[in-house]
>>> print(open('protein_14.txt').read())   # compact mmCIF, C-alpha atoms
# COMPACT_ATOMS: atom_id res chain seq x y z
CA MET F 1 12.48 3.47 -20.58
CA ASN F 2 9.47 1.37 -21.53
CA THR F 3 7.35 0.78 -18.44
CA ALA F 4 4.11 -1.00 -17.65
CA VAL F 5 1.76 -0.08 -14.82
CA LEU F 6 -0.68 -2.85 -13.93
CA GLY F 7 -3.72 -1.35 -12.27
CA ALA F 8 -5.41 1.95 -13.08
CA GLY F 9 -6.86 2.87 -9.72
CA SER F 10 -5.79 6.10 -8.05
CA TRP F 11 -2.28 4.94 -7.17
CA GLY F 12 -1.63 3.27 -10.51
CA THR F 13 -2.86 6.36 -12.34
CA GLY F 14 -0.72 8.63 -10.17
CA LEU F 15 2.39 6.54 -10.80
CA ALA F 16 1.69 6.41 -14.55
CA VAL F 17 1.46 10.21 -14.64
CA HIS F 18 4.74 10.52 -12.74
CA LEU F 19 6.53 8.06 -15.03
CA ALA F 20 5.35 9.84 -18.17
CA ARG F 21 6.35 13.18 -16.70
CA ALA F 22 9.82 11.70 -16.04
CA GLY F 23 10.15 10.87 -19.75
CA HIS F 24 9.22 7.19 -19.77
CA THR F 25 6.70 5.53 -22.07
CA VAL F 26 3.92 3.91 -20.09
CA ARG F 27 1.51 1.09 -20.88
CA LEU F 28 -1.28 1.35 -18.31
CA TRP F 29 -3.27 -1.86 -17.90
CA ALA F 30 -6.83 -1.39 -16.70
CA HIS F 31 -9.51 -3.97 -16.02
CA GLU F 32 -12.30 -1.49 -16.76
CA LEU F 33 -12.94 -0.81 -20.45
CA GLU F 34 -14.22 2.71 -19.72
CA VAL F 35 -10.85 3.54 -18.16
CA VAL F 36 -8.96 2.30 -21.23
CA ASP F 37 -11.21 4.33 -23.51
CA GLY F 38 -11.08 7.45 -21.31
CA VAL F 39 -7.28 7.47 -21.02
CA ASN F 40 -6.73 6.92 -24.74
CA ARG F 41 -9.42 9.27 -26.02
CA SER F 42 -9.49 12.16 -23.58
CA HIS F 43 -6.36 11.63 -21.43
CA ARG F 44 -8.53 11.24 -18.33
CA ASN F 45 -9.31 8.30 -16.08
CA PRO F 46 -13.09 8.57 -15.65
CA LEU F 47 -13.16 6.50 -12.45
CA PHE F 48 -10.04 7.49 -10.50
CA LEU F 49 -8.26 10.87 -10.27
CA SER F 50 -10.68 12.08 -12.94
CA ASP F 51 -9.56 15.69 -12.49
CA VAL F 52 -5.96 14.86 -13.47
CA GLU F 53 -4.84 15.23 -17.08
CA ILE F 54 -2.85 12.16 -18.13
CA PRO F 55 0.18 12.84 -20.36
CA ALA F 56 0.24 11.59 -23.93
CA GLY F 57 3.07 9.23 -22.99
CA VAL F 58 0.55 6.99 -21.22
CA VAL F 59 -1.31 4.49 -23.40
CA ALA F 60 -3.96 2.33 -21.77
CA THR F 61 -4.77 -1.26 -22.67
CA GLY F 62 -7.05 -4.00 -21.44
CA ASP F 63 -4.62 -6.71 -22.61
CA LEU F 64 -2.44 -7.69 -19.65
CA ARG F 65 0.16 -9.62 -21.61
CA ALA F 66 0.49 -6.94 -24.27
CA ALA F 67 1.04 -4.35 -21.55
CA VAL F 68 4.23 -6.04 -20.35
CA SER F 69 5.57 -7.45 -23.62
CA ALA F 70 8.19 -4.73 -24.19
CA ALA F 71 8.48 -3.43 -20.63
CA GLU F 72 11.84 -2.78 -19.00
CA ALA F 73 10.11 -2.30 -15.64
CA VAL F 74 6.66 -3.49 -14.56
CA LEU F 75 4.83 -1.84 -11.66
CA LEU F 76 2.16 -3.95 -9.94
CA VAL F 77 -0.45 -1.58 -8.50
CA VAL F 78 -3.55 -3.70 -7.89
CA PRO F 79 -5.30 -4.46 -4.58
CA VAL F 80 -3.39 -7.25 -2.88
CA GLN F 81 -6.41 -9.54 -2.68
CA PHE F 82 -6.51 -9.56 -6.53
CA ALA F 83 -2.75 -9.59 -7.10
CA ARG F 84 -2.36 -13.36 -7.40
CA ARG F 85 -4.83 -13.49 -10.29
CA VAL F 86 -2.92 -10.76 -12.13
CA LEU F 87 0.44 -12.40 -11.45
CA ALA F 88 -0.86 -15.73 -12.77
CA GLY F 89 -1.88 -13.94 -15.96
CA LEU F 90 1.73 -12.85 -16.46
CA ARG F 91 3.15 -16.37 -16.67
CA GLY F 92 5.32 -16.64 -19.76
CA ALA F 93 4.69 -13.00 -20.68
CA LEU F 94 7.04 -11.09 -18.37
CA PRO F 95 10.37 -10.47 -20.15
CA ALA F 96 13.15 -12.58 -18.64
CA GLU F 97 15.12 -9.92 -16.74
CA THR F 98 12.43 -7.28 -16.29
CA PRO F 99 12.07 -6.27 -12.64
CA LEU F 100 8.65 -6.41 -11.02
CA VAL F 101 8.03 -3.42 -8.75
CA SER F 102 5.15 -3.95 -6.33
CA ALA F 103 3.39 -0.80 -5.14
CA SER F 104 0.56 -2.87 -3.65
CA LYS F 105 0.29 -2.75 0.15
CA GLY F 106 -1.31 -5.62 2.00
CA ILE F 107 -1.28 -9.29 2.95
CA GLU F 108 -3.24 -11.94 1.05
CA VAL F 109 -5.98 -13.09 3.41
CA ALA F 110 -6.32 -16.64 2.11
CA THR F 111 -2.61 -17.51 2.38
CA LEU F 112 -1.05 -14.77 4.59
CA ARG F 113 1.48 -14.22 1.78
CA ARG F 114 3.16 -10.92 0.95
CA PRO F 115 3.38 -9.68 -2.67
CA ASP F 116 7.00 -10.88 -3.01
CA GLU F 117 5.92 -14.35 -1.92
CA MET F 118 3.00 -14.34 -4.35
CA ALA F 119 5.33 -13.31 -7.19
CA SER F 120 7.58 -16.24 -6.33
CA ASP F 121 4.59 -18.60 -6.16
CA GLU F 122 3.07 -17.59 -9.49
CA LEU F 123 6.06 -16.56 -11.60
CA GLY F 124 9.02 -18.34 -10.02
CA LEU F 125 10.54 -14.87 -9.86
CA ARG F 126 14.07 -14.83 -8.47
CA PRO F 127 14.27 -12.59 -5.39
CA GLY F 128 16.52 -9.98 -7.02
CA ARG F 129 13.96 -9.19 -9.71
CA PHE F 130 11.30 -8.24 -7.16
CA VAL F 131 11.29 -4.72 -5.71
CA ALA F 132 8.85 -3.29 -3.16
CA LEU F 133 7.83 0.37 -3.52
CA SER F 134 6.36 2.00 -0.43
CA GLY F 135 6.37 5.29 1.44
CA PRO F 136 4.33 8.38 2.36
CA SER F 137 2.87 9.36 -1.01
CA PHE F 138 -0.76 10.11 -1.81
CA ALA F 139 -1.73 9.35 -5.41
CA HIS F 140 -3.36 12.72 -6.06
CA GLU F 141 -0.35 14.63 -4.77
CA VAL F 142 2.11 12.57 -6.82
CA ALA F 143 -0.02 13.12 -9.93
CA ALA F 144 -0.12 16.85 -9.18
CA GLY F 145 3.67 16.98 -9.00
CA LEU F 146 3.84 17.82 -5.30
CA PRO F 147 7.06 16.73 -3.50
CA ALA F 148 7.14 13.19 -2.12
CA ALA F 149 9.63 10.47 -1.23
CA ALA F 150 9.44 6.68 -1.02
CA VAL F 151 11.57 3.55 -0.73
CA LEU F 152 12.54 0.91 -3.28
CA ALA F 153 13.46 -2.32 -1.48
CA GLY F 154 15.18 -5.19 -3.27
CA THR F 155 17.91 -7.75 -2.72
CA ASP F 156 19.82 -7.02 -5.95
CA GLU F 157 21.58 -3.70 -5.45
CA MET F 158 22.18 -3.18 -9.18
CA VAL F 159 18.46 -3.55 -9.90
CA THR F 160 17.34 -1.21 -7.13
CA ARG F 161 19.99 1.41 -7.98
CA HIS F 162 18.95 1.35 -11.64
CA LEU F 163 15.30 1.77 -10.71
CA GLN F 164 16.14 4.51 -8.22
CA GLU F 165 17.87 6.54 -10.94
CA ALA F 166 15.20 5.83 -13.55
CA LEU F 167 12.12 6.48 -11.42
CA SER F 168 13.29 9.47 -9.37
CA GLY F 169 12.46 12.96 -10.56
CA PRO F 170 12.44 16.54 -9.31
CA THR F 171 9.20 15.98 -7.36
CA PHE F 172 9.41 12.29 -6.42
CA ARG F 173 12.58 11.02 -4.76
CA PHE F 174 13.36 7.35 -4.10
CA TYR F 175 15.68 5.85 -1.50
CA THR F 176 16.88 2.23 -1.59
CA SER F 177 16.74 -0.57 0.96
CA THR F 178 17.48 -4.29 1.06
CA ASP F 179 14.71 -4.97 3.61
CA VAL F 180 11.93 -6.26 1.36
CA VAL F 181 10.08 -7.95 4.24
CA GLY F 182 10.16 -4.87 6.46
CA VAL F 183 9.09 -2.45 3.71
CA GLU F 184 6.21 -4.68 2.62
CA LEU F 185 4.96 -5.31 6.16
CA ALA F 186 5.28 -1.65 7.14
CA GLY F 187 3.20 -0.63 4.11
CA ALA F 188 0.54 -3.22 4.91
CA LEU F 189 0.30 -2.89 8.68
CA LYS F 190 0.18 0.92 8.89
CA ASN F 191 -3.25 0.75 7.20
CA VAL F 192 -4.63 -1.08 10.22
CA VAL F 193 -3.41 1.68 12.52
CA ALA F 194 -4.85 4.26 10.10
CA ILE F 195 -8.33 2.77 10.57
CA ALA F 196 -7.84 3.11 14.33
CA ALA F 197 -6.71 6.72 13.81
CA GLY F 198 -9.86 7.45 11.84
CA ILE F 199 -11.99 5.93 14.60
CA THR F 200 -10.19 8.18 17.09
CA THR F 201 -11.08 11.21 14.98
CA GLY F 202 -14.66 10.05 14.46
CA LEU F 203 -15.10 9.73 18.20
CA GLY F 204 -13.69 13.22 18.75
CA LEU F 205 -11.01 12.03 21.16
CA GLY F 206 -8.52 14.83 20.51
CA SER F 207 -4.88 15.30 19.58
CA SER F 208 -3.38 13.68 22.68
CA ALA F 209 -5.17 10.42 21.95
CA MET F 210 -4.05 10.57 18.32
CA ALA F 211 -0.40 11.07 19.29
CA ALA F 212 -0.55 8.14 21.70
CA LEU F 213 -2.21 5.94 19.07
CA LEU F 214 0.39 6.68 16.40
CA THR F 215 3.26 6.05 18.80
CA ARG F 216 1.88 2.79 20.15
CA GLY F 217 0.72 1.78 16.68
CA LEU F 218 4.25 2.14 15.35
CA HIS F 219 5.53 0.09 18.29
CA GLU F 220 2.94 -2.60 17.56
CA ILE F 221 3.63 -2.98 13.84
CA THR F 222 7.38 -2.90 14.48
CA ARG F 223 6.99 -5.74 16.98
CA LEU F 224 5.36 -7.98 14.37
CA GLY F 225 7.56 -6.80 11.49
CA VAL F 226 10.79 -7.55 13.32
CA ARG F 227 9.51 -10.96 14.40
CA MET F 228 8.72 -11.70 10.74
CA GLY F 229 12.25 -10.79 9.60
CA GLY F 230 12.08 -7.02 9.00
CA ARG F 231 14.56 -4.53 10.46
CA VAL F 232 13.77 -2.02 13.20
CA GLU F 233 15.23 0.88 11.20
CA THR F 234 12.81 0.23 8.34
CA PHE F 235 9.86 0.93 10.64
CA ARG F 236 11.50 4.18 11.74
CA GLY F 237 11.91 5.33 8.13
CA LEU F 238 9.77 6.40 5.18
CA ALA F 239 8.02 3.05 4.71
CA GLY F 240 7.24 2.82 8.43
CA MET F 241 6.85 6.00 10.44
CA GLY F 242 6.60 8.23 7.36
CA ASP F 243 3.76 6.32 5.75
CA LEU F 244 2.09 5.77 9.12
CA VAL F 245 1.96 9.49 9.90
CA LEU F 246 0.63 10.35 6.44
CA THR F 247 -2.01 7.63 6.36
CA CYS F 248 -3.21 8.30 9.91
CA THR F 249 -3.44 12.09 9.61
CA GLY F 250 -3.88 12.94 5.90
CA GLN F 251 -7.32 13.88 4.62
CA LEU F 252 -6.77 11.85 1.44
CA SER F 253 -6.27 8.56 3.33
CA ARG F 254 -8.90 5.95 2.42
CA ASN F 255 -8.20 3.83 5.51
CA ARG F 256 -8.44 6.82 7.82
CA ARG F 257 -11.79 7.79 6.22
CA VAL F 258 -13.11 4.27 6.80
CA GLY F 259 -12.23 4.51 10.49
CA GLU F 260 -13.63 8.01 10.85
CA ARG F 261 -16.99 6.96 9.48
CA LEU F 262 -17.04 3.89 11.74
CA GLY F 263 -16.26 6.13 14.71
CA ARG F 264 -19.26 8.27 13.79
CA GLY F 265 -21.50 5.21 13.88
CA GLU F 266 -21.89 4.31 10.19
CA PRO F 267 -22.18 0.58 9.35
CA LEU F 268 -19.21 -1.05 7.63
CA ASP F 269 -21.11 -2.11 4.49
CA ALA F 270 -22.10 1.51 3.83
CA VAL F 271 -18.56 2.72 4.48
CA LEU F 272 -17.12 0.24 1.95
CA SER F 273 -19.70 0.82 -0.79
CA GLY F 274 -17.52 2.98 -3.08
CA ARG F 275 -14.98 1.99 -5.75
CA GLU F 276 -11.88 2.82 -3.71
CA VAL F 277 -10.33 -0.12 -1.83
CA ALA F 278 -9.29 0.31 1.81
CA GLU F 279 -6.56 -2.32 2.10
CA GLY F 280 -6.52 -2.07 5.88
CA VAL F 281 -9.89 -3.83 6.21
CA PRO F 282 -8.79 -7.27 4.91
CA THR F 283 -5.24 -6.74 6.20
CA THR F 284 -6.44 -6.47 9.81
CA GLY F 285 -7.50 -10.09 10.02
CA ALA F 286 -4.42 -11.25 8.11
CA ALA F 287 -2.15 -9.28 10.44
CA LEU F 288 -3.71 -10.89 13.49
CA ALA F 289 -3.31 -14.34 11.95
CA LEU F 290 0.38 -13.64 11.35
CA ALA F 291 0.71 -12.27 14.87
CA SER F 292 -0.87 -15.39 16.34
CA ARG F 293 1.50 -17.57 14.33
CA ALA F 294 4.49 -15.50 15.50
CA GLY F 295 3.36 -15.20 19.13
CA VAL F 296 3.06 -11.40 18.96
CA GLU F 297 0.46 -9.35 20.82
CA MET F 298 -1.32 -6.63 18.76
CA PRO F 299 -3.94 -4.92 20.95
CA ILE F 300 -4.74 -2.07 18.52
CA ALA F 301 -5.22 -4.44 15.59
CA THR F 302 -7.31 -6.72 17.82
CA ALA F 303 -9.61 -3.82 18.71
CA VAL F 304 -9.92 -2.71 15.08
CA HIS F 305 -10.74 -6.27 14.00
CA ALA F 306 -13.49 -6.52 16.61
CA ILE F 307 -14.97 -3.18 15.52
CA LEU F 308 -14.88 -4.20 11.83
CA GLY F 309 -16.62 -7.45 12.73
CA GLY F 310 -19.33 -5.64 14.70
CA ARG F 311 -18.31 -7.39 17.90
CA LEU F 312 -17.16 -4.28 19.76
CA ASP F 313 -18.44 -0.73 19.96
CA PRO F 314 -15.68 1.86 19.21
CA ARG F 315 -16.02 3.51 22.63
CA LYS F 316 -15.88 0.15 24.37
CA ALA F 317 -12.76 -0.64 22.35
CA LEU F 318 -11.15 2.53 23.69
CA GLU F 319 -12.01 1.50 27.25
CA THR F 320 -10.48 -1.93 26.63
CA LEU F 321 -7.22 -0.42 25.35
CA MET F 322 -6.98 2.13 28.17
CA THR F 323 -7.48 -0.45 30.92
CA ARG F 324 -4.98 -3.05 29.68
CA GLU F 325 -2.26 -4.25 32.06
CA LEU F 326 0.29 -1.50 32.73
CA ARG F 327 3.77 -2.21 31.37
CA ASP F 328 7.16 -0.82 30.38
CA GLU F 329 7.03 1.32 27.22
CA ALA F 330 10.09 -0.12 25.46
CA SER F 331 9.24 -3.83 25.68
CA LEU F 332 9.04 -5.56 22.31
>>> encode(input="protein_14.txt", output="structure tokens")
Amino acid sequence: MNTAVLGAGSWGTGLAVHLARAGHTVRLWAHELEVVDGVNRSHRNPLFLSDVEIPAGVVATGDLRAAVSAAEAVLLVVPVQFARRVLAGLRGALPAETPLVSASKGIEVATLRRPDEMASDELGLRPGRFVALSGPSFAHEVAAGLPAAAVLAGTDEMVTRHLQEALSGPTFRFYTSTDVVGVELAGALKNVVAIAAGITTGLGLGSSAMAALLTRGLHEITRLGVRMGGRVETFRGLAGMGDLVLTCTGQLSRNRRVGERLGRGEPLDAVLSGREVAEGVPTTGAALALASRAGVEMPIATAVHAILGGRLDPRKALETLMTRELRDEASL
């Protein structure tokens, strides 16, 4: 199958390697010219996953429209805050029935739109052609061929089943879902909790605190996700609990690293100075805006937002969370 991967960061590179390993031809679109040159000349991405050899089946290009011209599946793997610009560049270029698979996790800050909504805005994409890909899968581990599993969520069962069969391989297994809203929100919101988990580690608060945070964090993101139209079972599955556990505890998690450094007292601008994007930082404010609109309380996200904004010391944030009004555990 001819595929296109739009975005050559760590996750885009990891997915391109997996697709080529599964026997597909891959056009990898990169914004950076040095990435295009590195992939095509030496089969290495010099900026992301530079230690991973990229199969010959991956050809990089800096021409967005050329990348998708013959694609039978297009994977969108760019930071969500830049996704609208990329989607606008695809107008008139995306083949008529080619599905768009979004592996981007976040909420657009300016509009509070999810990737499926942005695809509809910019491309007039019918709902069945959009598929959300999310789940507990680190880019480096996928590229290394270590076992992983994720979810493909779409409203057209024929499209998602076809993609499930085409994209699955011996080391990367895909399940299907019809809950696009739940899968997208789970993938976005767990990054906020991951920042909180990193802060917990940076403060040296121990395993009991981490377990409580993950449990209440899952409860919190489920509360908003269900109010926004997602299903409870989605947040208990790979895109919800699975990705939450990985992102909050895995050493390769960018969002967790951001929180850990904040917990140790580093300023946010220094923490965010590298090339890698921590989607949880912009998503925190967007999540709270959605929560306010939906009338949902999100105390963990509120604390993270205050820490990111420099309005609350991490230890004071812990005190605030621990002294909240006592309540029943199961209330949504």
>>> closest_residue(input="protein_14.txt", among="F:Leu238, F:Ala149, F:Ala93, F:Ala83", to="Ser69 in chain F", atoms="all atoms listed in the file")
F:Ala93
>>> atom_distance(input="protein_14.txt", atom1="CA of Val74 in chain F", atom2="CA of Phe174 in chain F")
16.5 Å
>>> residues_around(input="protein_14.txt", residues="Val68 in chain F", least_positions_apart="6", cutoff="9 Å", atoms="only C-alpha atoms", output="compact mmCIF listing (two decimals) with C-alpha atoms, keeping the file's coordinate frame")
# COMPACT_ATOMS: atom_id res chain seq x y z
CA THR F 3 7.35 0.78 -18.44
CA ALA F 4 4.11 -1.00 -17.65
CA VAL F 5 1.76 -0.08 -14.82
CA LEU F 6 -0.68 -2.85 -13.93
CA ARG F 27 1.51 1.09 -20.88
CA TRP F 29 -3.27 -1.86 -17.90
CA VAL F 74 6.66 -3.49 -14.56
CA LEU F 90 1.73 -12.85 -16.46
CA ALA F 93 4.69 -13.00 -20.68
CA LEU F 94 7.04 -11.09 -18.37
CA PRO F 95 10.37 -10.47 -20.15
>>> atom_distance(input="protein_14.txt", atom1="CA of Leu167 in chain F", atom2="CA of Val193 in chain F")
28.9 Å
>>> atom_distance(input="protein_14.txt", atom1="CA of Asp156 in chain F", atom2="CA of Val183 in chain F")
15.1 Å
>>> residues_around(input="protein_14.txt", residues="Thr200 in chain F", least_positions_apart="5", cutoff="8 Å", atoms="only C-alpha atoms", output="JSON, numbers by chain")
{"F": [205, 206, 209, 210, 259, 260, 263]}
>>> residues_around(input="protein_14.txt", residues="His140 in chain F", least_positions_apart="4", cutoff="8 Å", atoms="all atoms listed in the file", output="number ranges by chain")
F: 10-11, 14, 49, 144
>>> write_last_selection(input="protein_14.txt", atoms="C-alpha atoms", output="compact mmCIF listing (two decimals), in the frame of the given file")
# COMPACT_ATOMS: atom_id res chain seq x y z
CA SER F 10 -5.79 6.10 -8.05
CA TRP F 11 -2.28 4.94 -7.17
CA GLY F 14 -0.72 8.63 -10.17
CA LEU F 49 -8.26 10.87 -10.27
CA ALA F 144 -0.12 16.85 -9.18
>>> residues_around(input="protein_14.txt", residues="Leu244 in chain F", least_positions_apart="4", cutoff="12 Å", atoms="all atoms listed in the file", output="mmCIF file with C-alpha atoms, keeping the file's coordinate frame")
data_model
loop_
_atom_site.group_PDB
_atom_site.id
_atom_site.type_symbol
_atom_site.label_atom_id
_atom_site.label_comp_id
_atom_site.auth_asym_id
_atom_site.auth_seq_id
_atom_site.Cartn_x
_atom_site.Cartn_y
_atom_site.Cartn_z
ATOM 1 C CA SER F 134 6.360 2.000 -0.430
ATOM 2 C CA GLY F 135 6.370 5.290 1.440
ATOM 3 C CA PRO F 136 4.330 8.380 2.360
ATOM 4 C CA SER F 137 2.870 9.360 -1.010
ATOM 5 C CA LEU F 185 4.960 -5.310 6.160
ATOM 6 C CA ALA F 186 5.280 -1.650 7.140
ATOM 7 C CA GLY F 187 3.200 -0.630 4.110
ATOM 8 C CA ALA F 188 0.540 -3.220 4.910
ATOM 9 C CA LEU F 189 0.300 -2.890 8.680
ATOM 10 C CA LYS F 190 0.180 0.920 8.890
ATOM 11 C CA ASN F 191 -3.250 0.750 7.200
ATOM 12 C CA VAL F 192 -4.630 -1.080 10.220
ATOM 13 C CA VAL F 193 -3.410 1.680 12.520
ATOM 14 C CA ALA F 194 -4.850 4.260 10.100
ATOM 15 C CA ILE F 195 -8.330 2.770 10.570
ATOM 16 C CA ALA F 196 -7.840 3.110 14.330
ATOM 17 C CA ALA F 197 -6.710 6.720 13.810
ATOM 18 C CA ALA F 211 -0.400 11.070 19.290
ATOM 19 C CA LEU F 213 -2.210 5.940 19.070
ATOM 20 C CA LEU F 214 0.390 6.680 16.400
ATOM 21 C CA THR F 215 3.260 6.050 18.800
ATOM 22 C CA ARG F 216 1.880 2.790 20.150
ATOM 23 C CA GLY F 217 0.720 1.780 16.680
ATOM 24 C CA LEU F 218 4.250 2.140 15.350
ATOM 25 C CA HIS F 219 5.530 0.090 18.290
ATOM 26 C CA GLU F 220 2.940 -2.600 17.560
ATOM 27 C CA ILE F 221 3.630 -2.980 13.840
ATOM 28 C CA THR F 222 7.380 -2.900 14.480
ATOM 29 C CA PHE F 235 9.860 0.930 10.640
ATOM 30 C CA ARG F 236 11.500 4.180 11.740
ATOM 31 C CA GLY F 237 11.910 5.330 8.130
ATOM 32 C CA LEU F 238 9.770 6.400 5.180
ATOM 33 C CA ALA F 239 8.020 3.050 4.710
ATOM 34 C CA GLY F 240 7.240 2.820 8.430
ATOM 35 C CA CYS F 248 -3.210 8.300 9.910
ATOM 36 C CA THR F 249 -3.440 12.090 9.610
ATOM 37 C CA GLY F 250 -3.880 12.940 5.900
ATOM 38 C CA SER F 253 -6.270 8.560 3.330
ATOM 39 C CA ASN F 255 -8.200 3.830 5.510
ATOM 40 C CA ARG F 256 -8.440 6.820 7.820
#
>>> closest_residue(input="protein_14.txt", among="F:Glu184, F:Glu165, F:Glu141, F:Glu117", to="Ala153 in chain F", atoms="all atoms listed in the file")
F:Glu184
>>> build_atoms(input="protein_14.txt", residues="range 176-191 of chain F", atoms="N, CA and C atoms", output="PDB file, keeping the file's coordinate frame")
ATOM      1  N   THR F 176      16.807   3.678  -1.417  1.00  0.00           N
ATOM      2  CA  THR F 176      16.880   2.230  -1.590  1.00  0.00           C
ATOM      3  C   THR F 176      17.026   1.535  -0.237  1.00  0.00           C
ATOM      4  N   SER F 177      16.634   0.267  -0.230  1.00  0.00           N
ATOM      5  CA  SER F 177      16.740  -0.570   0.960  1.00  0.00           C
ATOM      6  C   SER F 177      16.875  -2.024   0.496  1.00  0.00           C
ATOM      7  N   THR F 178      17.440  -2.857   1.348  1.00  0.00           N
ATOM      8  CA  THR F 178      17.480  -4.290   1.060  1.00  0.00           C
ATOM      9  C   THR F 178      16.435  -5.048   1.888  1.00  0.00           C
ATOM     10  N   ASP F 179      15.673  -4.329   2.702  1.00  0.00           N
ATOM     11  CA  ASP F 179      14.710  -4.970   3.610  1.00  0.00           C
ATOM     12  C   ASP F 179      13.336  -5.093   2.955  1.00  0.00           C
ATOM     13  N   VAL F 180      13.203  -6.056   2.062  1.00  0.00           N
ATOM     14  CA  VAL F 180      11.930  -6.260   1.360  1.00  0.00           C
ATOM     15  C   VAL F 180      10.821  -6.616   2.347  1.00  0.00           C
ATOM     16  N   VAL F 181      11.097  -7.515   3.276  1.00  0.00           N
ATOM     17  CA  VAL F 181      10.080  -7.950   4.240  1.00  0.00           C
ATOM     18  C   VAL F 181       9.605  -6.783   5.088  1.00  0.00           C
ATOM     19  N   GLY F 182      10.536  -5.994   5.609  1.00  0.00           N
ATOM     20  CA  GLY F 182      10.160  -4.870   6.460  1.00  0.00           C
ATOM     21  C   GLY F 182       9.369  -3.816   5.712  1.00  0.00           C
ATOM     22  N   VAL F 183       9.792  -3.480   4.496  1.00  0.00           N
ATOM     23  CA  VAL F 183       9.090  -2.450   3.710  1.00  0.00           C
ATOM     24  C   VAL F 183       7.686  -2.922   3.359  1.00  0.00           C
ATOM     25  N   GLU F 184       7.539  -4.179   2.968  1.00  0.00           N
ATOM     26  CA  GLU F 184       6.210  -4.680   2.620  1.00  0.00           C
ATOM     27  C   GLU F 184       5.292  -4.727   3.846  1.00  0.00           C
ATOM     28  N   LEU F 185       5.799  -5.214   4.977  1.00  0.00           N
ATOM     29  CA  LEU F 185       4.960  -5.310   6.160  1.00  0.00           C
ATOM     30  C   LEU F 185       4.623  -3.929   6.719  1.00  0.00           C
ATOM     31  N   ALA F 186       5.568  -3.003   6.670  1.00  0.00           N
ATOM     32  CA  ALA F 186       5.280  -1.650   7.140  1.00  0.00           C
ATOM     33  C   ALA F 186       4.158  -1.028   6.313  1.00  0.00           C
ATOM     34  N   GLY F 187       4.225  -1.191   4.987  1.00  0.00           N
ATOM     35  CA  GLY F 187       3.200  -0.630   4.110  1.00  0.00           C
ATOM     36  C   GLY F 187       1.838  -1.249   4.329  1.00  0.00           C
ATOM     37  N   ALA F 188       1.814  -2.537   4.673  1.00  0.00           N
ATOM     38  CA  ALA F 188       0.540  -3.220   4.910  1.00  0.00           C
ATOM     39  C   ALA F 188      -0.038  -2.892   6.280  1.00  0.00           C
ATOM     40  N   LEU F 189       0.790  -2.980   7.304  1.00  0.00           N
ATOM     41  CA  LEU F 189       0.300  -2.890   8.680  1.00  0.00           C
ATOM     42  C   LEU F 189      -0.102  -1.475   9.087  1.00  0.00           C
ATOM     43  N   LYS F 190       0.540  -0.457   8.497  1.00  0.00           N
ATOM     44  CA  LYS F 190       0.180   0.920   8.890  1.00  0.00           C
ATOM     45  C   LYS F 190      -1.279   1.225   8.527  1.00  0.00           C
ATOM     46  N   ASN F 191      -1.849   0.515   7.555  1.00  0.00           N
ATOM     47  CA  ASN F 191      -3.250   0.750   7.200  1.00  0.00           C
ATOM     48  C   ASN F 191      -4.202   0.342   8.317  1.00  0.00           C
TER      49      ASN F 191
END
